[in-house]
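Content type compact mmCIF, C-alpha atoms, from the file data31.txt:
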# COMPACT_ATOMS: atom_id res chain seq x y z
CA MET W 248 20.59 16.60 -19.35
CA PRO W 249 18.41 15.45 -16.39
CA MET W 250 20.09 13.46 -13.64
CA MET W 251 19.64 9.71 -13.56
CA ALA W 252 17.84 8.27 -10.53
CA SER W 253 21.14 6.94 -9.17
CA GLN W 254 22.57 10.47 -9.23
CA MET W 255 19.67 12.17 -7.49
CA GLU W 256 19.60 12.75 -3.76
CA ARG W 257 17.43 10.15 -2.05
CA SER W 258 15.03 11.33 0.66
CA ALA W 259 14.91 8.94 3.61
CA GLY W 260 12.07 10.78 5.32
CA ASN W 261 9.17 9.40 3.30
CA TYR W 262 6.37 8.57 5.75
CA SER W 263 3.61 8.08 3.20
CA ALA W 264 0.85 5.65 4.16
CA GLY W 265 1.07 4.11 0.70
CA PRO W 266 2.42 3.85 -1.84
CA SER W 267 5.33 3.87 0.53
CA ARG W 268 9.10 3.95 0.55
CA LEU W 269 11.07 1.13 -1.06
CA PRO W 270 14.49 -0.01 0.17
CA ASP W 271 17.40 1.41 -1.84
CA ARG W 272 18.55 -2.11 -2.75
CA VAL W 273 15.13 -3.03 -4.09
CA ARG W 274 14.89 0.17 -6.15
CA SER W 275 18.24 -0.56 -7.77
CA LEU W 276 17.36 -4.16 -8.62
CA VAL W 277 13.95 -3.20 -9.99
CA ALA W 278 15.57 -0.53 -12.15
CA GLU W 279 17.74 -3.27 -13.65
CA ASP W 280 14.70 -5.52 -14.09
CA VAL W 281 12.95 -2.78 -16.08
CA LEU W 282 15.87 -2.66 -18.49
CA GLU W 283 16.52 -6.40 -18.59
CA LEU W 284 14.82 -9.17 -16.63
CA ASP W 285 17.15 -11.89 -15.37
CA GLY W 286 19.52 -11.76 -18.34
CA SER W 287 16.72 -12.34 -20.85
CA GLY W 288 17.55 -9.34 -23.03
CA ILE W 289 14.01 -8.01 -22.50
CA GLY W 290 12.78 -5.67 -19.77
CA CYS W 291 10.16 -6.84 -17.26
CA LEU W 292 7.62 -4.34 -18.62
CA GLU W 293 7.80 -6.03 -22.03
CA HIS W 294 7.74 -9.72 -21.15
CA SER W 295 4.76 -11.93 -21.91
CA HIS W 296 3.05 -13.05 -18.72
CA ARG W 297 2.98 -16.56 -20.19
CA GLY W 298 6.61 -16.67 -21.33
CA LYS W 299 9.35 -18.76 -19.76
CA ALA W 300 11.05 -15.77 -18.14
CA PHE W 301 7.90 -14.78 -16.33
CA ASP W 302 7.18 -18.42 -15.49
CA ARG W 303 10.36 -18.26 -13.41
CA VAL W 304 9.35 -14.95 -11.78
CA ILE W 305 5.98 -16.37 -10.72
CA ALA W 306 7.55 -19.57 -9.38
CA GLN W 307 10.32 -17.71 -7.51
CA THR W 308 7.90 -15.21 -6.01
CA GLU W 309 5.58 -17.92 -4.74
CA THR W 310 8.49 -19.87 -3.27
CA LEU W 311 9.75 -16.73 -1.54
CA ALA W 312 6.29 -15.87 -0.21
CA ARG W 313 5.90 -19.33 1.25
CA SER W 314 9.35 -19.24 2.82
CA VAL W 315 9.36 -15.65 4.14
CA LEU W 316 5.78 -15.76 5.45
CA ASN W 317 5.97 -19.42 6.57
CA VAL W 318 2.88 -20.33 4.54
CA PRO W 319 1.66 -23.91 5.19
CA SER W 320 1.48 -26.33 2.27
CA ASP W 321 -2.32 -26.49 2.34
CA TYR W 322 -2.66 -22.80 1.41
CA SER W 323 -2.59 -21.37 -2.11
CA VAL W 324 -0.66 -18.20 -2.97
CA LEU W 325 -2.29 -15.87 -5.50
CA PHE W 326 -1.07 -12.69 -7.20
CA LEU W 327 -4.02 -10.59 -8.27
CA GLN W 328 -4.75 -7.26 -9.91
CA GLY W 329 -6.39 -4.29 -8.20
CA GLY W 330 -6.07 -3.49 -4.53
CA ALA W 331 -7.32 -4.65 -1.16
CA THR W 332 -10.47 -2.57 -1.57
CA GLN W 333 -11.42 -4.72 -4.55
CA GLN W 334 -11.30 -7.76 -2.28
CA PHE W 335 -14.04 -6.18 -0.15
CA GLY W 336 -16.38 -7.21 -2.95
CA LEU W 337 -14.72 -10.43 -4.09
CA ILE W 338 -14.67 -11.98 -0.60
CA PRO W 339 -18.44 -11.83 0.08
CA MET W 340 -19.08 -12.59 -3.60
CA ASN W 341 -17.21 -15.87 -3.17
CA PHE W 342 -17.87 -16.83 0.44
CA SER W 343 -21.16 -15.35 1.66
CA GLY W 344 -23.68 -17.99 2.64
CA GLN W 345 -27.19 -18.26 4.01
CA THR W 346 -25.97 -17.27 7.47
CA PRO W 347 -24.57 -13.79 8.17
CA SER W 348 -20.86 -13.06 7.97
CA ALA W 349 -19.27 -11.69 11.15
CA GLN W 350 -17.75 -8.25 10.62
CA THR W 351 -15.48 -6.19 12.89
CA ASN W 352 -15.66 -2.45 12.28
CA THR W 353 -12.33 -1.04 13.43
CA GLY W 354 -11.82 1.87 11.05
CA VAL W 355 -12.17 3.37 7.59
CA TRP W 356 -11.34 0.23 5.63
CA THR W 357 -13.59 -2.13 7.57
CA THR W 358 -16.40 0.42 7.25
CA LYS W 359 -15.96 0.23 3.49
CA ALA W 360 -15.77 -3.56 3.59
CA ILE W 361 -19.02 -3.77 5.56
CA ARG W 362 -20.86 -1.54 3.10
CA VAL W 363 -19.84 -3.80 0.24
CA ALA W 364 -20.51 -7.06 2.11
CA GLU W 365 -24.08 -5.92 2.77
CA GLN W 366 -24.72 -6.09 -0.96
CA PHE W 367 -24.02 -9.84 -1.06
CA GLY W 368 -25.76 -11.19 2.01
CA PRO W 369 -26.64 -10.70 5.66
CA ILE W 370 -23.95 -9.49 8.06
CA ASN W 371 -23.49 -9.42 11.81
CA ILE W 372 -21.31 -6.61 13.19
CA VAL W 373 -19.61 -8.16 16.23
CA PHE W 374 -17.67 -5.00 17.09
CA ASP W 375 -18.23 -1.36 16.13
CA GLY W 376 -15.54 1.10 17.17
CA SER W 377 -17.10 4.14 15.51
CA GLN W 378 -18.52 5.43 18.79
CA SER W 379 -15.00 5.80 20.21
CA GLN W 380 -13.63 7.33 16.98
CA PHE W 381 -11.87 4.00 16.41
CA ARG W 382 -9.35 4.71 19.17
CA THR W 383 -9.68 1.27 20.76
CA LEU W 384 -9.98 -2.40 19.90
CA PRO W 385 -11.71 -5.10 21.95
CA LYS W 386 -9.95 -8.06 23.47
CA PRO W 387 -10.36 -10.96 21.04
CA LYS W 388 -11.87 -13.17 23.74
CA ASP W 389 -14.65 -10.61 24.24
CA LEU W 390 -15.93 -10.89 20.67
CA GLN W 391 -19.19 -12.79 20.37
CA ILE W 392 -18.70 -14.51 17.01
CA PRO W 393 -21.64 -16.73 15.97
CA ALA W 394 -20.63 -20.34 15.50
CA ASN W 395 -22.59 -20.49 12.24
CA ALA W 396 -21.15 -17.32 10.64
CA SER W 397 -20.29 -17.75 6.98
CA PHE W 398 -16.92 -16.12 7.72
CA LEU W 399 -15.23 -13.64 10.06
CA HIS W 400 -13.65 -10.55 8.52
CA THR W 401 -11.04 -8.44 10.32
CA CYS W 402 -8.40 -5.85 9.50
CA ALA W 403 -5.16 -6.42 11.40
CA ASN W 404 -3.95 -2.83 11.36
CA ASN W 405 -5.85 0.43 10.92
CA THR W 406 -3.69 2.77 8.85
CA VAL W 407 -5.96 5.81 9.34
CA MET W 408 -6.54 5.76 13.11
CA GLY W 409 -3.33 3.95 14.04
CA THR W 410 -4.70 0.92 15.88
CA GLN W 411 -3.49 -2.66 15.65
CA TRP W 412 -4.67 -6.02 16.90
CA LYS W 413 -1.77 -7.24 19.06
CA GLU W 414 -3.51 -10.59 19.17
CA LEU W 415 -5.69 -11.48 16.21
CA PRO W 416 -9.19 -12.79 16.93
CA ARG W 417 -9.80 -16.51 16.64
CA ALA W 418 -12.98 -17.59 14.89
CA PRO W 419 -15.06 -20.52 16.21
CA GLU W 420 -14.22 -23.89 14.70
CA GLY W 421 -15.65 -24.15 11.21
CA VAL W 422 -15.86 -20.36 10.68
CA PRO W 423 -13.21 -19.12 8.22
CA HIS W 424 -11.21 -16.10 9.43
CA ILE W 425 -10.39 -13.70 6.56
CA CYS W 426 -7.98 -10.88 7.42
CA ASP W 427 -6.95 -7.71 5.59
CA MET W 428 -3.24 -7.39 6.29
CA SER W 429 -2.36 -4.72 3.73
CA SER W 430 -0.36 -2.61 6.17
CA GLU W 431 1.18 -5.47 8.16
CA ILE W 432 2.05 -8.26 5.76
CA GLY W 433 5.73 -9.12 6.03
CA SER W 434 6.14 -7.26 9.32
CA ARG W 435 4.42 -9.68 11.67
CA VAL W 436 4.87 -13.36 12.44
CA LEU W 437 1.56 -15.04 11.60
CA ASP W 438 -0.22 -17.84 13.41
CA TRP W 439 -1.75 -19.67 10.47
CA ASP W 440 -3.87 -21.77 12.80
CA THR W 441 -6.05 -18.66 13.28
CA LEU W 442 -6.19 -17.60 9.61
CA ASP W 443 -7.98 -19.07 6.60
CA MET W 444 -7.32 -16.20 4.21
CA VAL W 445 -4.94 -13.26 4.27
CA TYR W 446 -4.95 -10.57 1.62
CA ALA W 447 -2.88 -7.45 1.17
CA GLY W 448 -2.37 -4.61 -1.24
CA CYS W 449 1.39 -4.66 -1.75
CA GLN W 450 2.03 -0.91 -1.84
CA LYS W 451 2.76 -0.54 1.87
CA ASN W 452 5.10 -3.32 3.02
CA LEU W 453 5.71 -5.44 -0.07
CA GLY W 454 6.05 -3.29 -3.15
CA VAL W 455 3.94 -1.16 -5.42
CA ALA W 456 0.28 -0.32 -6.01
CA GLY W 457 -1.99 -2.41 -8.22
CA THR W 458 -0.85 -5.79 -6.87
CA VAL W 459 -2.61 -7.98 -4.31
CA LEU W 460 -1.10 -10.93 -2.49
CA ALA W 461 -3.82 -13.35 -1.40
CA ILE W 462 -3.09 -16.49 0.61
CA ILE W 463 -6.06 -18.82 0.98
CA LYS W 464 -6.46 -22.15 2.73
CA ASP W 465 -7.34 -24.79 0.18
CA ASP W 466 -10.45 -25.91 2.08
CA LEU W 467 -11.83 -22.37 1.85
CA LEU W 468 -10.60 -21.90 -1.70
CA SER W 469 -12.67 -24.88 -2.84
CA GLN W 470 -15.80 -23.07 -1.62
CA SER W 471 -15.31 -20.13 -4.00
CA ASN W 472 -18.55 -19.50 -5.83
CA GLY W 473 -17.93 -16.16 -7.54
CA PRO W 474 -18.36 -15.87 -11.31
CA SER W 475 -15.37 -15.90 -13.61
CA PRO W 476 -13.11 -13.86 -13.59
CA PHE W 477 -13.86 -13.09 -9.93
CA ASN W 478 -13.58 -16.65 -8.64
CA TYR W 479 -10.56 -17.29 -6.42
CA GLN W 480 -10.43 -21.00 -7.29
CA GLU W 481 -10.24 -20.20 -10.99
CA HIS W 482 -7.35 -17.81 -10.37
CA ALA W 483 -5.56 -20.50 -8.36
CA SER W 484 -6.15 -23.15 -11.01
CA ALA W 485 -4.71 -20.78 -13.63
CA GLY W 486 -1.59 -20.11 -11.59
CA SER W 487 -2.56 -16.45 -11.03
CA ARG W 488 -2.82 -16.01 -14.80
CA LEU W 489 -6.53 -16.35 -15.44
CA ASN W 490 -6.05 -12.94 -17.02
CA THR W 491 -2.92 -10.81 -17.36
CA PRO W 492 -1.57 -10.38 -13.83
CA PRO W 493 0.21 -7.24 -12.56
CA THR W 494 3.57 -8.35 -13.94
CA PHE W 495 5.60 -5.34 -12.81
CA GLY W 496 4.14 -5.49 -9.31
CA ILE W 497 5.03 -9.18 -9.04
CA VAL W 498 8.60 -8.43 -10.10
CA VAL W 499 8.83 -5.80 -7.33
CA LEU W 500 7.22 -8.18 -4.83
CA ARG W 501 9.88 -10.77 -5.63
CA ARG W 502 12.62 -8.24 -4.87
CA MET W 503 10.93 -7.12 -1.65
CA LEU W 504 10.60 -10.70 -0.39
CA GLU W 505 14.28 -11.31 -1.21
CA TRP W 506 15.20 -8.17 0.72
CA ILE W 507 13.13 -9.16 3.78
CA GLN W 508 14.82 -12.54 3.74
CA GLU W 509 18.27 -10.92 3.53
CA GLN W 510 17.39 -8.62 6.45
CA GLY W 511 16.64 -11.54 8.76
CA GLY W 512 13.06 -12.36 7.78
CA VAL W 513 9.74 -11.35 9.26
CA GLN W 514 11.06 -11.71 12.80
CA SER W 515 13.62 -8.98 12.08
CA MET W 516 10.99 -6.78 10.42
CA ALA W 517 8.70 -7.16 13.43
CA ARG W 518 11.48 -6.28 15.87
CA ARG W 519 12.51 -3.19 13.91
CA ALA W 520 8.89 -2.07 13.56
CA GLN W 521 8.41 -2.28 17.32
CA GLN W 522 11.61 -0.31 17.97
CA ARG W 523 10.67 2.48 15.55
CA ALA W 524 7.16 2.73 16.94
CA GLU W 525 8.34 2.84 20.55
CA LEU W 526 10.82 5.59 19.65
CA LEU W 527 8.09 7.78 18.13
CA TYR W 528 5.46 7.12 20.81
CA LYS W 529 8.04 7.92 23.49
CA ALA W 530 8.76 11.21 21.72
CA ILE W 531 5.05 12.07 21.60
CA GLU W 532 4.55 11.24 25.27
CA SER W 533 7.61 13.27 26.28
CA THR W 534 5.81 16.47 25.23
CA LYS W 535 3.45 16.03 28.21
CA GLY W 536 0.22 16.51 26.30
CA TYR W 537 1.29 19.00 23.64
CA TRP W 538 1.19 16.11 21.17
CA GLN W 539 -1.30 13.31 21.88
CA ALA W 540 -1.48 9.90 20.28
CA HIS W 541 -4.84 9.12 18.72
CA ALA W 542 -4.98 5.41 19.61
CA SER W 543 -5.32 3.97 23.09
CA THR W 544 -2.04 2.74 24.54
CA GLU W 545 -2.90 -0.96 24.49
CA CYS W 546 -3.65 -1.06 20.77
CA ARG W 547 -1.27 1.46 19.22
CA SER W 548 -0.05 0.49 15.79
CA HIS W 549 3.59 -0.31 15.05
CA MET W 550 3.00 0.63 11.42
CA ASN W 551 1.08 3.91 11.54
CA ILE W 552 1.79 6.33 14.37
CA THR W 553 -1.05 8.87 14.55
CA TRP W 554 -1.20 11.94 16.75
CA HIS W 555 -2.80 15.37 17.15
CA GLY W 556 -1.53 18.73 18.32
CA PRO W 557 -3.15 21.48 20.41
CA SER W 558 -4.50 23.18 17.29
CA PRO W 559 -4.61 22.88 13.49
CA GLU W 560 -2.16 25.78 13.35
CA ALA W 561 0.37 23.86 15.46
CA GLU W 562 0.03 20.86 13.18
CA LEU W 563 0.57 23.01 10.06
CA GLU W 564 3.64 24.56 11.63
CA PHE W 565 4.98 21.08 12.35
CA LEU W 566 4.37 19.99 8.76
CA ASP W 567 6.18 23.09 7.50
CA ARG W 568 9.21 22.37 9.66
CA ALA W 569 9.14 18.71 8.60
CA ASP W 570 9.08 19.75 4.96
CA GLN W 571 12.15 21.92 5.50
CA LEU W 572 13.96 18.86 6.84
CA GLY W 573 12.98 16.80 3.81
CA PHE W 574 10.24 14.80 5.53
CA SER W 575 7.07 14.02 3.59
CA GLY W 576 3.82 12.11 4.01
CA LEU W 577 3.20 13.23 7.61
CA LYS W 578 -0.22 14.78 7.15
CA GLY W 579 -3.01 12.74 8.73
CA HIS W 580 -5.73 11.08 6.70
CA ARG W 581 -8.35 13.51 5.45
CA SER W 582 -11.07 11.82 7.51
CA VAL W 583 -9.38 12.46 10.89
CA GLY W 584 -6.74 15.13 10.32
CA GLY W 585 -3.79 15.41 12.67
CA LEU W 586 -0.44 13.85 11.88
CA ARG W 587 0.67 10.38 10.85
CA ALA W 588 4.01 8.67 10.33
CA SER W 589 3.80 5.38 8.47
CA VAL W 590 6.87 3.31 9.25
CA TYR W 591 6.60 0.22 7.09
CA ASN W 592 9.33 -2.33 6.43
CA ALA W 593 11.49 0.02 4.35
CA ALA W 594 11.36 2.93 6.81
CA ASP W 595 14.77 4.45 7.48
CA ASP W 596 15.84 4.10 11.12
CA GLU W 597 18.02 7.21 11.13
CA ALA W 598 15.19 9.28 9.65
CA CYS W 599 12.86 7.98 12.39
CA THR W 600 15.34 9.17 15.01
CA LYS W 601 15.37 12.63 13.42
CA LEU W 602 11.58 12.67 13.31
CA ALA W 603 11.45 11.81 17.02
CA GLU W 604 13.78 14.73 17.69
CA LEU W 605 11.53 17.06 15.71
CA ILE W 606 8.46 15.90 17.66
CA GLN W 607 10.23 16.54 20.95
CA SER W 608 11.54 19.94 19.92
CA SER W 609 8.20 21.39 18.74
CA PRO W 610 6.64 22.18 22.14
CA LEU W 611 9.94 23.52 23.46
CA ASP W 612 10.25 25.95 20.55
CA SER W 613 6.67 27.15 21.03
CA LYS W 614 7.31 28.44 24.56
Can you give me the file's structure in the form of structure tokens?
Amino acid sequence: MPMMASQMERSAGNYSAGPSRLPDRVRSLVAEDVLELDGSGIGCLEHSHRGKAFDRVIAQTETLARSVLNVPSDYSVLFLQGGATQQFGLIPMNFSGQTPSAQTNTGVWTTKAIRVAEQFGPINIVFDGSQSQFRTLPKPKDLQIPANASFLHTCANNTVMGTQWKELPRAPEGVPHICDMSSEIGSRVLDWDTLDMVYAGCQKNLGVAGTVLAIIKDDLLSQSNGPSPFNYQEHASAGSRLNTPPTFGIVVLRRMLEWIQEQGGVQSMARRAQQRAELLYKAIESTKGYWQAHASTECRSHMNITWHGPSPEAELEFLDRADQLGFSGLKGHRSVGGLRASVYNAADDEACTKLAELIQSSPLDSK
């Protein structure tokens, strides 16, 4: 007879960029939810999305999102199908105007977003990091954002290249700032005065794939002009149930938000993320050039630590040794190669310490 999940050995060294590791507590609770949701006698995979049991899940998840993320009352919280990439089309479909949108190109995902936005209206690229292999980010004050832009689009954290805005740009008054926070949501204290819309695929910091959390200021939401069923206002008016929402993903999101709250909230997640990142960057730097971080020091990500070795062979040897230790997900993105450790909210601190030790030991063992 095969072992039950609770009996199987749990690997703490999962550094996948997404879908990513879930906390043990969340996994256990979700397993119970699959069998029976909140004492209803029916598992969460079987419940009607319009039934009373799921009414409570939706209401609880929105309340948790507002509390954990400190969402102001004049913002709507939506739970949508698909992923963040799908929003690359829905955002310009709903909010493009006669004037160009302002786009920041800081990596793979913004490049994709720009390509899609071009299909819906004029754009103005106010920063293009492709010439530097996306190793750097500009200072927000240096961005020349037109005062008549239909909206500003940014990505807070670049999972592929490992860069992160330490200070998010601020759009001119009257220009909505829309930010992809898929790899940061729930790990960073947000200044809502600078943000009109935040969206995130949940499979990195908040749960599982196929679920999008979108938080939109009501003033911007009222400007949605996309056709049904791609209109954000229609989804909000229907309570995120214009069509069948990703019910399982919302159940997991509820458990993740509860867990973040129990762990001390976003402030605690942000502090732990910084500590893990500093540990790994310090290990990389201690090798005196054998391993080299991809991103410039001033904009290194706390979520995705990316680095290269002296040769592809050295990187493969590292991956082999990591595999022997039970570490997974450390291979860099196919577009840039190298190595990458994604340390989202559920990353295991002890495993990160062991990874740092492995990084430090590699050049010593090669001599």
*So which residues fall inside 9 Å of (-11.4, -10.7, -1.4) if we count only C-alpha atoms? Mind giving them as number ranges by chain?*
W: 331-341, 425, 427, 444-446, 461, 479
*Could you pull the residues within 9 Å of Ala483 in chain W, counting all atoms listed in the file, minus those fewer than 5 positions along the same chain, as a VMD selection string?*
chain W and resid 323 to 325 468 478 488 to 489
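Residues in contact with Ser320 in chain W at up to 12 Å, not including ones fewer than 6 positions away on its chain and judged by only C-alpha atoms, are Glu309, Thr310, Ala312, Arg313, Ser314, Trp439, Ile462, Ile463, Lys464, Asp465 and Asp466 of chain W.
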Writing out the chosen residues with C-alpha atoms as a PDB file, keeping the file's coordinate frame:
ATOM      1  CA  GLU W 309       5.580 -17.920  -4.740  1.00  0.00           C
ATOM      2  CA  THR W 310       8.490 -19.870  -3.270  1.00  0.00           C
ATOM      3  CA  ALA W 312       6.290 -15.870  -0.210  1.00  0.00           C
ATOM      4  CA  ARG W 313       5.900 -19.330   1.250  1.00  0.00           C
ATOM      5  CA  SER W 314       9.350 -19.240   2.820  1.00  0.00           C
ATOM      6  CA  TRP W 439      -1.750 -19.670  10.470  1.00  0.00           C
ATOM      7  CA  ILE W 462      -3.090 -16.490   0.610  1.00  0.00           C
ATOM      8  CA  ILE W 463      -6.060 -18.820   0.980  1.00  0.00           C
ATOM      9  CA  LYS W 464      -6.460 -22.150   2.730  1.00  0.00           C
ATOM     10  CA  ASP W 465      -7.340 -24.790   0.180  1.00  0.00           C
ATOM     11  CA  ASP W 466     -10.450 -25.910   2.080  1.00  0.00           C
TER      12      ASP W 466
END
*Which residue out of W:Gly329, W:Gly433, W:Gly486, W:Gly457 has the minimum interatomic distance to Arg518 in chain W when all atoms listed in the file are used?*
W:Gly433
*Counting only C-alpha atoms, note down every residue that has an atom within 12 Å of the point (11.4, -4.5, -18.7) (file coordinates), as a PyMOL selection string.*
chain W and resi 276-296+300-301+494-496+498-499
*asked:* So, with only C-alpha atoms as the atoms that count, which of W:Phe367, W:Tyr591, W:Phe398, W:Phe381 lies closest to Pro266 in chain W?
replied: W:Tyr591
N, CA and C atoms are what I want for range 333-358 of chain W; can you complete it accordingly and write them as a PDB file, keeping the file's coordinate frame?
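Dumped to rebuild.pdb:
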ATOM      1  N   GLN W 333     -10.702  -3.857  -3.600  1.00  0.00           N
ATOM      2  CA  GLN W 333     -11.420  -4.720  -4.550  1.00  0.00           C
ATOM      3  C   GLN W 333     -11.816  -6.038  -3.900  1.00  0.00           C
ATOM      4  N   GLN W 334     -10.987  -6.501  -2.964  1.00  0.00           N
ATOM      5  CA  GLN W 334     -11.300  -7.760  -2.280  1.00  0.00           C
ATOM      6  C   GLN W 334     -12.525  -7.613  -1.370  1.00  0.00           C
ATOM      7  N   PHE W 335     -12.840  -6.385  -0.967  1.00  0.00           N
ATOM      8  CA  PHE W 335     -14.040  -6.180  -0.150  1.00  0.00           C
ATOM      9  C   PHE W 335     -15.279  -6.715  -0.862  1.00  0.00           C
ATOM     10  N   GLY W 336     -15.267  -6.666  -2.187  1.00  0.00           N
ATOM     11  CA  GLY W 336     -16.380  -7.210  -2.950  1.00  0.00           C
ATOM     12  C   GLY W 336     -16.186  -8.677  -3.303  1.00  0.00           C
ATOM     13  N   LEU W 337     -14.966  -9.053  -3.655  1.00  0.00           N
ATOM     14  CA  LEU W 337     -14.720 -10.430  -4.090  1.00  0.00           C
ATOM     15  C   LEU W 337     -14.903 -11.430  -2.947  1.00  0.00           C
ATOM     16  N   ILE W 338     -14.561 -11.046  -1.731  1.00  0.00           N
ATOM     17  CA  ILE W 338     -14.670 -11.980  -0.600  1.00  0.00           C
ATOM     18  C   ILE W 338     -16.129 -12.358  -0.333  1.00  0.00           C
ATOM     19  N   PRO W 339     -17.044 -11.409  -0.121  1.00  0.00           N
ATOM     20  CA  PRO W 339     -18.440 -11.830   0.080  1.00  0.00           C
ATOM     21  C   PRO W 339     -19.043 -12.439  -1.182  1.00  0.00           C
ATOM     22  N   MET W 340     -18.589 -12.002  -2.358  1.00  0.00           N
ATOM     23  CA  MET W 340     -19.080 -12.590  -3.600  1.00  0.00           C
ATOM     24  C   MET W 340     -18.784 -14.084  -3.658  1.00  0.00           C
ATOM     25  N   ASN W 341     -17.627 -14.474  -3.131  1.00  0.00           N
ATOM     26  CA  ASN W 341     -17.210 -15.870  -3.170  1.00  0.00           C
ATOM     27  C   ASN W 341     -17.630 -16.688  -1.959  1.00  0.00           C
ATOM     28  N   PHE W 342     -17.737 -16.045  -0.793  1.00  0.00           N
ATOM     29  CA  PHE W 342     -17.870 -16.830   0.440  1.00  0.00           C
ATOM     30  C   PHE W 342     -19.110 -16.544   1.281  1.00  0.00           C
ATOM     31  N   SER W 343     -19.930 -15.583   0.901  1.00  0.00           N
ATOM     32  CA  SER W 343     -21.160 -15.350   1.660  1.00  0.00           C
ATOM     33  C   SER W 343     -22.086 -16.553   1.536  1.00  0.00           C
ATOM     34  N   GLY W 344     -22.757 -16.870   2.644  1.00  0.00           N
ATOM     35  CA  GLY W 344     -23.680 -17.990   2.640  1.00  0.00           C
ATOM     36  C   GLY W 344     -25.059 -17.576   3.105  1.00  0.00           C
ATOM     37  N   GLN W 345     -25.848 -18.531   3.520  1.00  0.00           N
ATOM     38  CA  GLN W 345     -27.190 -18.260   4.010  1.00  0.00           C
ATOM     39  C   GLN W 345     -27.157 -17.595   5.381  1.00  0.00           C
ATOM     40  N   THR W 346     -26.104 -17.873   6.147  1.00  0.00           N
ATOM     41  CA  THR W 346     -25.970 -17.270   7.470  1.00  0.00           C
ATOM     42  C   THR W 346     -25.119 -16.005   7.363  1.00  0.00           C
ATOM     43  N   PRO W 347     -25.313 -15.044   8.262  1.00  0.00           N
ATOM     44  CA  PRO W 347     -24.570 -13.790   8.170  1.00  0.00           C
ATOM     45  C   PRO W 347     -23.062 -13.977   8.345  1.00  0.00           C
ATOM     46  N   SER W 348     -22.295 -13.133   7.692  1.00  0.00           N
ATOM     47  CA  SER W 348     -20.860 -13.060   7.970  1.00  0.00           C
ATOM     48  C   SER W 348     -20.683 -12.218   9.232  1.00  0.00           C
ATOM     49  N   ALA W 349     -19.592 -12.468   9.951  1.00  0.00           N
ATOM     50  CA  ALA W 349     -19.270 -11.690  11.150  1.00  0.00           C
ATOM     51  C   ALA W 349     -18.255 -10.624  10.768  1.00  0.00           C
ATOM     52  N   GLN W 350     -18.586  -9.369  11.038  1.00  0.00           N
ATOM     53  CA  GLN W 350     -17.750  -8.250  10.620  1.00  0.00           C
ATOM     54  C   GLN W 350     -17.283  -7.449  11.833  1.00  0.00           C
ATOM     55  N   THR W 351     -16.011  -7.079  11.862  1.00  0.00           N
ATOM     56  CA  THR W 351     -15.480  -6.190  12.890  1.00  0.00           C
ATOM     57  C   THR W 351     -15.233  -4.829  12.263  1.00  0.00           C
ATOM     58  N   ASN W 352     -15.826  -3.798  12.820  1.00  0.00           N
ATOM     59  CA  ASN W 352     -15.660  -2.450  12.280  1.00  0.00           C
ATOM     60  C   ASN W 352     -14.649  -1.692  13.129  1.00  0.00           C
ATOM     61  N   THR W 353     -13.415  -1.644  12.654  1.00  0.00           N
ATOM     62  CA  THR W 353     -12.330  -1.040  13.430  1.00  0.00           C
ATOM     63  C   THR W 353     -11.734   0.187  12.759  1.00  0.00           C
ATOM     64  N   GLY W 354     -12.358   0.673  11.691  1.00  0.00           N
ATOM     65  CA  GLY W 354     -11.820   1.870  11.050  1.00  0.00           C
ATOM     66  C   GLY W 354     -12.371   2.086   9.654  1.00  0.00           C
ATOM     67  N   VAL W 355     -11.704   2.957   8.925  1.00  0.00           N
ATOM     68  CA  VAL W 355     -12.170   3.370   7.590  1.00  0.00           C
ATOM     69  C   VAL W 355     -12.316   2.189   6.656  1.00  0.00           C
ATOM     70  N   TRP W 356     -11.324   1.303   6.642  1.00  0.00           N
ATOM     71  CA  TRP W 356     -11.340   0.230   5.630  1.00  0.00           C
ATOM     72  C   TRP W 356     -12.364  -0.838   5.967  1.00  0.00           C
ATOM     73  N   THR W 357     -12.551  -1.158   7.242  1.00  0.00           N
ATOM     74  CA  THR W 357     -13.590  -2.130   7.570  1.00  0.00           C
ATOM     75  C   THR W 357     -14.979  -1.541   7.353  1.00  0.00           C
ATOM     76  N   THR W 358     -15.122  -0.230   7.551  1.00  0.00           N
ATOM     77  CA  THR W 358     -16.400   0.420   7.250  1.00  0.00           C
ATOM     78  C   THR W 358     -16.743   0.236   5.784  1.00  0.00           C
TER      79      THR W 358
END
